[in-house]
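Engineer: Encoded as structure tokens, here's the structure I'll be asking about.
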2 protein chains.
Amino acid sequence: MAAWRAFLSTSHLLERRIEEQLKSAAGLTHPQYEILVRLSEAPGRQMRMTELARGVIVSKSALTYQITQLEKAGLVERATCPSDDRGVLAVLTEAGLRCLERVAPGHLEVVRSYLIDRLSRDELRTVTTAMQKTEQALRSS
Amino acid sequence: MAAWRAFLSTSHLLERRIEEQLKSAAGLTHPQYEILVRLSEAPGRQMRMTELARGVIVSKSALTYQITQLEKAGLVERATCPSDDRGVLAVLTEAGLRCLERVAPGHLEVVRSYLIDRLSRDELRTVTTAMQKTEQALRSS
DNA sequence: AGCGGATAGTTCAAATCTGAACAACGCGTA
DNA sequence: TACGCGTTGTTCAGATTTGAACTATCCGCT
């Protein structure tokens, strides 16, 4: 249970730090940043809403809301899906890409300085596989 | 970065599971459950608001709100702090304690089945110390 | 005693999240 | 082709969170 306690506290504390850093650096929330990252890595810099929601792990309605916000900010656009008339594609704009490239270094710096750099190579490897295992278990059910 | 990605996903997925389990089992949210746990472990089953907020890692205003909710449910009571007239003590009631004892097993089962039991003894040990290190780093700044 | 800067909790407005309800579309089968 | 069911994304109401502003209190120093 000590593992769980520490895990829980760490995730909440880190979330706070990240939120604070992103907000002050770019006026972005953490979910918004994650959306930009996912889109930037997707082929064509675009993704279906549902797939994106699964990726960042928020409800469909939360994603609808956030995409609308990002659209207002000009970082993302909606496009109709050619293969499925029900579908909506979230597309990263040029401005969105530039925004991400501008913000990413500061964000990664926070993650590294608090999480990554504190751990030895062995610890990091073990933690990674452990987290991947539990993620897998949680996703498949 | 793989570590971070997996860590982030795991924490969000687990959070969802836990929220769902607690809500259906007792109508509690995860923050509310954590509040009950902290109080149950505190001497006199009571804690100052600020200390409690630091423990569960939420803002003071969020704690004020949640304590009010728990008070309505009869699980917690507010008491004036004898040593500091500004202070407020959150006190776990008998009903709160019984509620916690009723809900805890189901909650722990979720945490165990997804997080703890998937890891070897060595992995668990490493993850624990790693999380404790990062928690420490995050708290002291 | 009395001032002045910290601290404790609460209140408030704004933002965000979730689940349920809904409308529109896709797809297999008769 | 038409029915039925699953999927997609949005809308909506309600709950929760946060930070800022505020009130009340404490404490060290003069």
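We name chains A, B, ... following the order of the structure tokens; residues begin at 1 in each chain, and ligands are numbered from 1 as shown.
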Give me, as a VMD selection string, the residues of chain A touching chain B, with the criterion being at most 8 Å (counting only C-alpha atoms).
Structural biologist: chain A and resid 2 to 4 6 to 14 56 to 57 111 114 to 116 118 to 119 123 to 135 137 to 139
Engineer: For a quick test of understanding: name the residues of chain C lying within 8 Å of chain A when counting only C-alpha atoms (C1' of nucleotides), and present them as a list in words.
Structural biologist: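 Interface list for chain C against chain A: DT16, DC17, DT18, DA24, DC25 and DG26 of chain C.
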Engineer: Just write the chosen residues, all heavy atoms, as a short mmCIF file (atom, residue, chain, number, x, y, z; two decimals), in the first residue's frame.
Structural biologist:
```
data_model
loop_
_atom_site.label_atom_id
_atom_site.label_comp_id
_atom_site.auth_asym_id
_atom_site.auth_seq_id
_atom_site.Cartn_x
_atom_site.Cartn_y
_atom_site.Cartn_z
P DT C 16 -11.26 25.73 -19.21
OP1 DT C 16 -9.82 25.64 -19.53
OP2 DT C 16 -12.25 26.14 -20.22
"O5'" DT C 16 -11.71 24.33 -18.61
"C5'" DT C 16 -11.00 23.78 -17.53
"C4'" DT C 16 -11.76 22.60 -16.96
"O4'" DT C 16 -13.01 23.03 -16.42
"C3'" DT C 16 -12.13 21.52 -17.99
"O3'" DT C 16 -11.28 20.40 -17.76
"C2'" DT C 16 -13.60 21.21 -17.71
"C1'" DT C 16 -13.86 21.92 -16.40
N1 DT C 16 -15.25 22.42 -16.21
C2 DT C 16 -16.03 21.86 -15.23
O2 DT C 16 -15.63 20.95 -14.51
N3 DT C 16 -17.29 22.37 -15.12
C4 DT C 16 -17.83 23.40 -15.88
O4 DT C 16 -18.98 23.77 -15.67
C5 DT C 16 -16.96 23.96 -16.87
C7 DT C 16 -17.46 25.06 -17.75
C6 DT C 16 -15.73 23.45 -17.00
P DC C 17 -11.45 19.12 -18.65
OP1 DC C 17 -10.14 18.45 -18.67
OP2 DC C 17 -12.15 19.46 -19.90
"O5'" DC C 17 -12.44 18.23 -17.77
"C5'" DC C 17 -11.99 17.76 -16.51
"C4'" DC C 17 -13.08 16.93 -15.89
"O4'" DC C 17 -14.20 17.78 -15.65
"C3'" DC C 17 -13.56 15.83 -16.82
"O3'" DC C 17 -13.34 14.54 -16.25
"C2'" DC C 17 -15.04 16.09 -17.02
"C1'" DC C 17 -15.39 17.11 -15.96
N1 DC C 17 -16.38 18.11 -16.46
C2 DC C 17 -17.61 18.25 -15.81
O2 DC C 17 -17.85 17.52 -14.84
N3 DC C 17 -18.50 19.16 -16.26
C4 DC C 17 -18.20 19.93 -17.31
N4 DC C 17 -19.11 20.82 -17.70
C5 DC C 17 -16.95 19.81 -17.98
C6 DC C 17 -16.08 18.89 -17.53
P DT C 18 -13.66 13.29 -17.23
OP1 DT C 18 -12.72 12.23 -16.82
OP2 DT C 18 -13.74 13.70 -18.64
"O5'" DT C 18 -15.13 12.87 -16.77
"C5'" DT C 18 -15.39 12.71 -15.39
"C4'" DT C 18 -16.87 12.46 -15.17
"O4'" DT C 18 -17.60 13.67 -15.42
"C3'" DT C 18 -17.44 11.41 -16.13
"O3'" DT C 18 -17.93 10.30 -15.39
"C2'" DT C 18 -18.55 12.13 -16.91
"C1'" DT C 18 -18.80 13.38 -16.09
N1 DT C 18 -19.13 14.57 -16.92
C2 DT C 18 -20.32 15.23 -16.70
O2 DT C 18 -21.12 14.87 -15.86
N3 DT C 18 -20.52 16.32 -17.51
C4 DT C 18 -19.68 16.80 -18.50
O4 DT C 18 -19.98 17.78 -19.15
C5 DT C 18 -18.45 16.06 -18.66
C7 DT C 18 -17.47 16.50 -19.70
C6 DT C 18 -18.24 15.00 -17.88
P DA C 24 -31.32 14.55 -36.58
OP1 DA C 24 -31.47 15.86 -37.26
OP2 DA C 24 -32.43 13.57 -36.55
"O5'" DA C 24 -30.06 13.81 -37.19
"C5'" DA C 24 -28.77 14.41 -37.07
"C4'" DA C 24 -27.72 13.41 -37.49
"O4'" DA C 24 -27.59 12.40 -36.46
"C3'" DA C 24 -28.07 12.67 -38.78
"O3'" DA C 24 -26.97 12.73 -39.65
"C2'" DA C 24 -28.36 11.23 -38.31
"C1'" DA C 24 -27.52 11.13 -37.06
N9 DA C 24 -28.01 10.16 -36.08
C8 DA C 24 -29.27 10.02 -35.59
N7 DA C 24 -29.41 9.05 -34.72
C5 DA C 24 -28.12 8.52 -34.62
C6 DA C 24 -27.59 7.47 -33.85
N6 DA C 24 -28.30 6.74 -33.00
N1 DA C 24 -26.27 7.21 -34.00
C2 DA C 24 -25.55 7.94 -34.85
N3 DA C 24 -25.94 8.96 -35.62
C4 DA C 24 -27.25 9.20 -35.45
P DC C 25 -27.10 12.28 -41.18
OP1 DC C 25 -26.41 13.28 -42.01
OP2 DC C 25 -28.50 11.93 -41.43
"O5'" DC C 25 -26.23 10.95 -41.21
"C5'" DC C 25 -24.89 11.01 -40.78
"C4'" DC C 25 -24.43 9.63 -40.39
"O4'" DC C 25 -25.26 9.11 -39.35
"C3'" DC C 25 -24.48 8.60 -41.52
"O3'" DC C 25 -23.16 8.25 -41.87
"C2'" DC C 25 -25.26 7.42 -40.93
"C1'" DC C 25 -25.20 7.70 -39.44
N1 DC C 25 -26.31 7.14 -38.63
C2 DC C 25 -26.05 6.10 -37.74
O2 DC C 25 -24.91 5.65 -37.66
N3 DC C 25 -27.07 5.59 -36.99
C4 DC C 25 -28.30 6.10 -37.10
N4 DC C 25 -29.26 5.58 -36.34
C5 DC C 25 -28.59 7.18 -37.99
C6 DC C 25 -27.57 7.67 -38.73
P DG C 26 -22.85 7.22 -43.03
OP1 DG C 26 -21.54 7.55 -43.62
OP2 DG C 26 -24.05 7.10 -43.86
"O5'" DG C 26 -22.67 5.88 -42.20
"C5'" DG C 26 -21.47 5.66 -41.46
"C4'" DG C 26 -21.41 4.22 -40.97
"O4'" DG C 26 -22.56 3.95 -40.15
"C3'" DG C 26 -21.43 3.18 -42.08
"O3'" DG C 26 -20.52 2.15 -41.71
"C2'" DG C 26 -22.86 2.69 -42.10
"C1'" DG C 26 -23.25 2.82 -40.64
N9 DG C 26 -24.67 3.09 -40.38
C8 DG C 26 -25.46 4.08 -40.95
N7 DG C 26 -26.69 4.09 -40.48
C5 DG C 26 -26.70 3.05 -39.56
C6 DG C 26 -27.77 2.59 -38.75
O6 DG C 26 -28.92 3.01 -38.67
N1 DG C 26 -27.37 1.50 -37.96
C2 DG C 26 -26.11 0.96 -37.97
N2 DG C 26 -25.91 -0.07 -37.15
N3 DG C 26 -25.10 1.39 -38.72
C4 DG C 26 -25.48 2.43 -39.49
#
```
Engineer: Residues of range 65-140 of chain B classed as helix (DSSP H, G or I) by DSSP on the backbone are to be reported as JSON, numbers by chain.
Structural biologist: {"B": [65, 66, 67, 68, 69, 70, 71, 72, 94, 95, 96, 97, 98, 99, 100, 101, 102, 103, 104, 105, 106, 107, 108, 109, 110, 111, 112, 113, 114, 115, 116, 121, 122, 123, 124, 125, 126, 127, 128, 129, 130, 131, 132, 133, 134, 135, 136, 137, 138, 139]}
Engineer: Using only C-alpha atoms (C1' of nucleotides), determine which residues of chain D fall within 12 Å of chain A; present them as a list in words.
Structural biologist: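 Per the criterion, chain D yields DT7, DT8, DG9, DT10, DT11, DC12, DT17, DT18 and DG19 of chain D.
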Engineer: Please measure the separation of CA of Leu39 in chain A and CA of Thr68 in chain A, giving the value in Å to one decimal.
Structural biologist: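 Pair CA of Leu39 in chain A / CA of Thr68 in chain A returns 14.8 Å.
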Engineer: In Å, rounded to a single decimal, give me how far CA of Val76 in chain A is from CA of Glu94 in chain A.
Structural biologist: 8.7 Å
Engineer: Distance CA of Gly74 in chain B-C1' of DA8 in chain C, one decimal place?
Structural biologist: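 Atom-to-atom, CA of Gly74 in chain B to C1' of DA8 in chain C, that is 23.6 Å.
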Engineer: Using DSSP on the backbone coordinates, identify the residues of range 44-116 of chain B assigned to strand (DSSP E); present them as a PDB file with C-alpha atoms, in the first residue's frame.
Structural biologist:
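Everything below was put into out32.pdb:
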```pdb
ATOM      1  CA  GLN B  46      -9.418  14.625  13.511  1.00  0.00           C
ATOM      2  CA  MET B  47      -7.286  17.001  11.509  1.00  0.00           C
ATOM      3  CA  ARG B  48      -6.865  20.651  10.751  1.00  0.00           C
ATOM      4  CA  VAL B  76     -17.589  14.136   9.208  1.00  0.00           C
ATOM      5  CA  GLU B  77     -18.164  16.985  11.628  1.00  0.00           C
ATOM      6  CA  ARG B  78     -16.522  20.349  12.049  1.00  0.00           C
ATOM      7  CA  ALA B  79     -15.158  21.359  15.422  1.00  0.00           C
ATOM      8  CA  THR B  80     -13.446  24.508  16.560  1.00  0.00           C
ATOM      9  CA  VAL B  88     -11.247  24.258  12.109  1.00  0.00           C
ATOM     10  CA  LEU B  89     -10.984  20.594  12.922  1.00  0.00           C
ATOM     11  CA  ALA B  90     -12.521  18.007  10.653  1.00  0.00           C
ATOM     12  CA  VAL B  91     -13.609  15.098  12.819  1.00  0.00           C
ATOM     13  CA  LEU B  92     -14.542  11.650  11.575  1.00  0.00           C
TER      14      LEU B  92
END
```
